[in-house]
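Enquirer: Quick one: structure below, then a few questions.
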Amino acid sequence: MKAILIIALAMAVAGCTDAQNAHRLLTNSGYSDIQITGYRWFGCSEDDTVRTGFTAKGPGGAHVSGIVCQGWGWFTKAATIRFE
(Lines give C-alpha, C1' and ligand atoms only; values in the text may rest on other atoms or scores of the structure.)
Protein backbone atom coordinates (compact mmCIF):
# COMPACT_ATOMS: atom_id res chain seq x y z
CA MET A 1 0.00 0.00 0.00
CA LYS A 2 2.81 2.40 0.88
CA ALA A 3 4.55 1.74 -2.44
CA ILE A 4 1.36 2.53 -4.38
CA LEU A 5 0.99 5.82 -2.52
CA ILE A 6 4.60 6.79 -3.26
CA ILE A 7 4.21 5.95 -6.96
CA ALA A 8 0.95 7.92 -7.19
CA LEU A 9 2.57 10.94 -5.54
CA ALA A 10 5.57 10.80 -7.88
CA MET A 11 3.29 10.64 -10.92
CA ALA A 12 1.21 13.58 -9.66
CA VAL A 13 4.29 15.74 -9.09
CA ALA A 14 5.74 14.86 -12.51
CA GLY A 15 2.61 16.27 -14.12
CA CYS A 16 3.09 19.65 -12.41
CA THR A 17 5.86 20.82 -14.73
CA ASP A 18 5.73 22.26 -18.23
CA ALA A 19 9.18 21.89 -19.74
CA GLN A 20 8.12 23.03 -23.20
CA ASN A 21 6.57 26.31 -21.99
CA ALA A 22 9.44 26.97 -19.57
CA HIS A 23 12.01 26.44 -22.33
CA ARG A 24 10.05 28.75 -24.68
CA LEU A 25 9.77 31.49 -22.03
CA LEU A 26 13.45 31.32 -21.14
CA THR A 27 14.56 31.32 -24.80
CA ASN A 28 12.34 34.31 -25.58
CA SER A 29 13.86 36.10 -22.56
CA GLY A 30 17.40 35.67 -23.89
CA TYR A 31 18.59 32.60 -21.95
CA SER A 32 20.65 29.84 -23.55
CA ASP A 33 22.07 26.43 -22.59
CA ILE A 34 18.77 25.72 -20.82
CA GLN A 35 18.50 22.54 -18.75
CA ILE A 36 15.12 21.67 -17.23
CA THR A 37 15.62 20.18 -13.75
CA GLY A 38 12.05 19.14 -12.96
CA TYR A 39 9.51 20.00 -10.31
CA ARG A 40 10.43 22.35 -7.48
CA TRP A 41 8.48 22.27 -4.22
CA PHE A 42 9.40 25.78 -3.10
CA GLY A 43 9.92 29.12 -4.79
CA CYS A 44 6.51 29.96 -6.25
CA SER A 45 3.36 31.44 -4.77
CA GLU A 46 0.53 29.26 -3.50
CA ASP A 47 -1.47 30.16 -6.63
CA ASP A 48 1.17 28.59 -8.91
CA THR A 49 0.48 24.95 -9.60
CA VAL A 50 3.06 24.42 -12.36
CA ARG A 51 6.64 24.77 -11.11
CA THR A 52 9.48 23.95 -13.47
CA GLY A 53 13.09 24.20 -12.28
CA PHE A 54 15.93 25.13 -14.64
CA THR A 55 19.57 26.08 -15.02
CA ALA A 56 20.72 28.28 -17.90
CA LYS A 57 23.14 30.88 -19.14
CA GLY A 58 21.63 34.33 -18.70
CA PRO A 59 21.56 37.09 -21.33
CA GLY A 60 24.71 38.58 -19.76
CA GLY A 61 26.56 35.25 -19.86
CA ALA A 62 26.26 34.34 -16.16
CA HIS A 63 25.02 30.89 -15.15
CA VAL A 64 21.72 31.05 -13.26
CA SER A 65 19.26 28.62 -11.74
CA GLY A 66 15.66 29.17 -10.87
CA ILE A 67 12.09 28.20 -11.41
CA VAL A 68 9.38 29.05 -13.93
CA CYS A 69 6.10 29.51 -12.04
CA GLN A 70 2.68 29.46 -13.65
CA GLY A 71 -0.92 28.60 -12.95
CA TRP A 72 -2.69 25.65 -14.49
CA GLY A 73 -4.95 26.30 -17.47
CA TRP A 74 -5.61 29.23 -19.77
CA PHE A 75 -7.57 31.22 -17.17
CA THR A 76 -4.63 31.79 -14.79
CA LYS A 77 -1.80 34.30 -14.65
CA ALA A 78 1.11 34.29 -17.06
CA ALA A 79 4.33 32.43 -16.30
CA THR A 80 7.07 34.17 -14.32
CA ILE A 81 10.77 33.47 -13.94
CA ARG A 82 12.17 33.39 -10.40
CA PHE A 83 15.82 32.94 -9.49
CA GLU A 84 17.51 31.16 -6.61
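Ligands are numbered from 1 in the order shown, chains are lettered A, B, ... in the order of the C-alpha coordinates, and residues start at 1 in each chain.
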Write out as a ChimeraX atom specification the residues lying within 7 Å of segment 57-69 of chain A, counting only C-alpha atoms and excluding same-chain residues fewer than 3 positions away.

Expert: /A:22,30-34,44,48,50-54,79-84

Enquirer: Hey, can you check how far atom CA of Trp72 of chain A sits from atom CA of Thr49 of chain A?

Expert: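 About the pair atom CA of Trp72 of chain A and atom CA of Thr49 of chain A: they are 5.9 Å apart.
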
Enquirer: Please compute the atom CA of Gln35 of chain A-atom CA of Asp47 of chain A distance, one decimal, in Å.

Expert: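 Between atom CA of Gln35 of chain A and atom CA of Asp47 of chain A the gap works out to 24.6 Å.
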
Enquirer: May I ask for the distance between atom CA of Ala19 of chain A and atom CA of Gln70 of chain A, given in Å to one decimal place?

Expert: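 These two atoms are separated by 11.7 Å.
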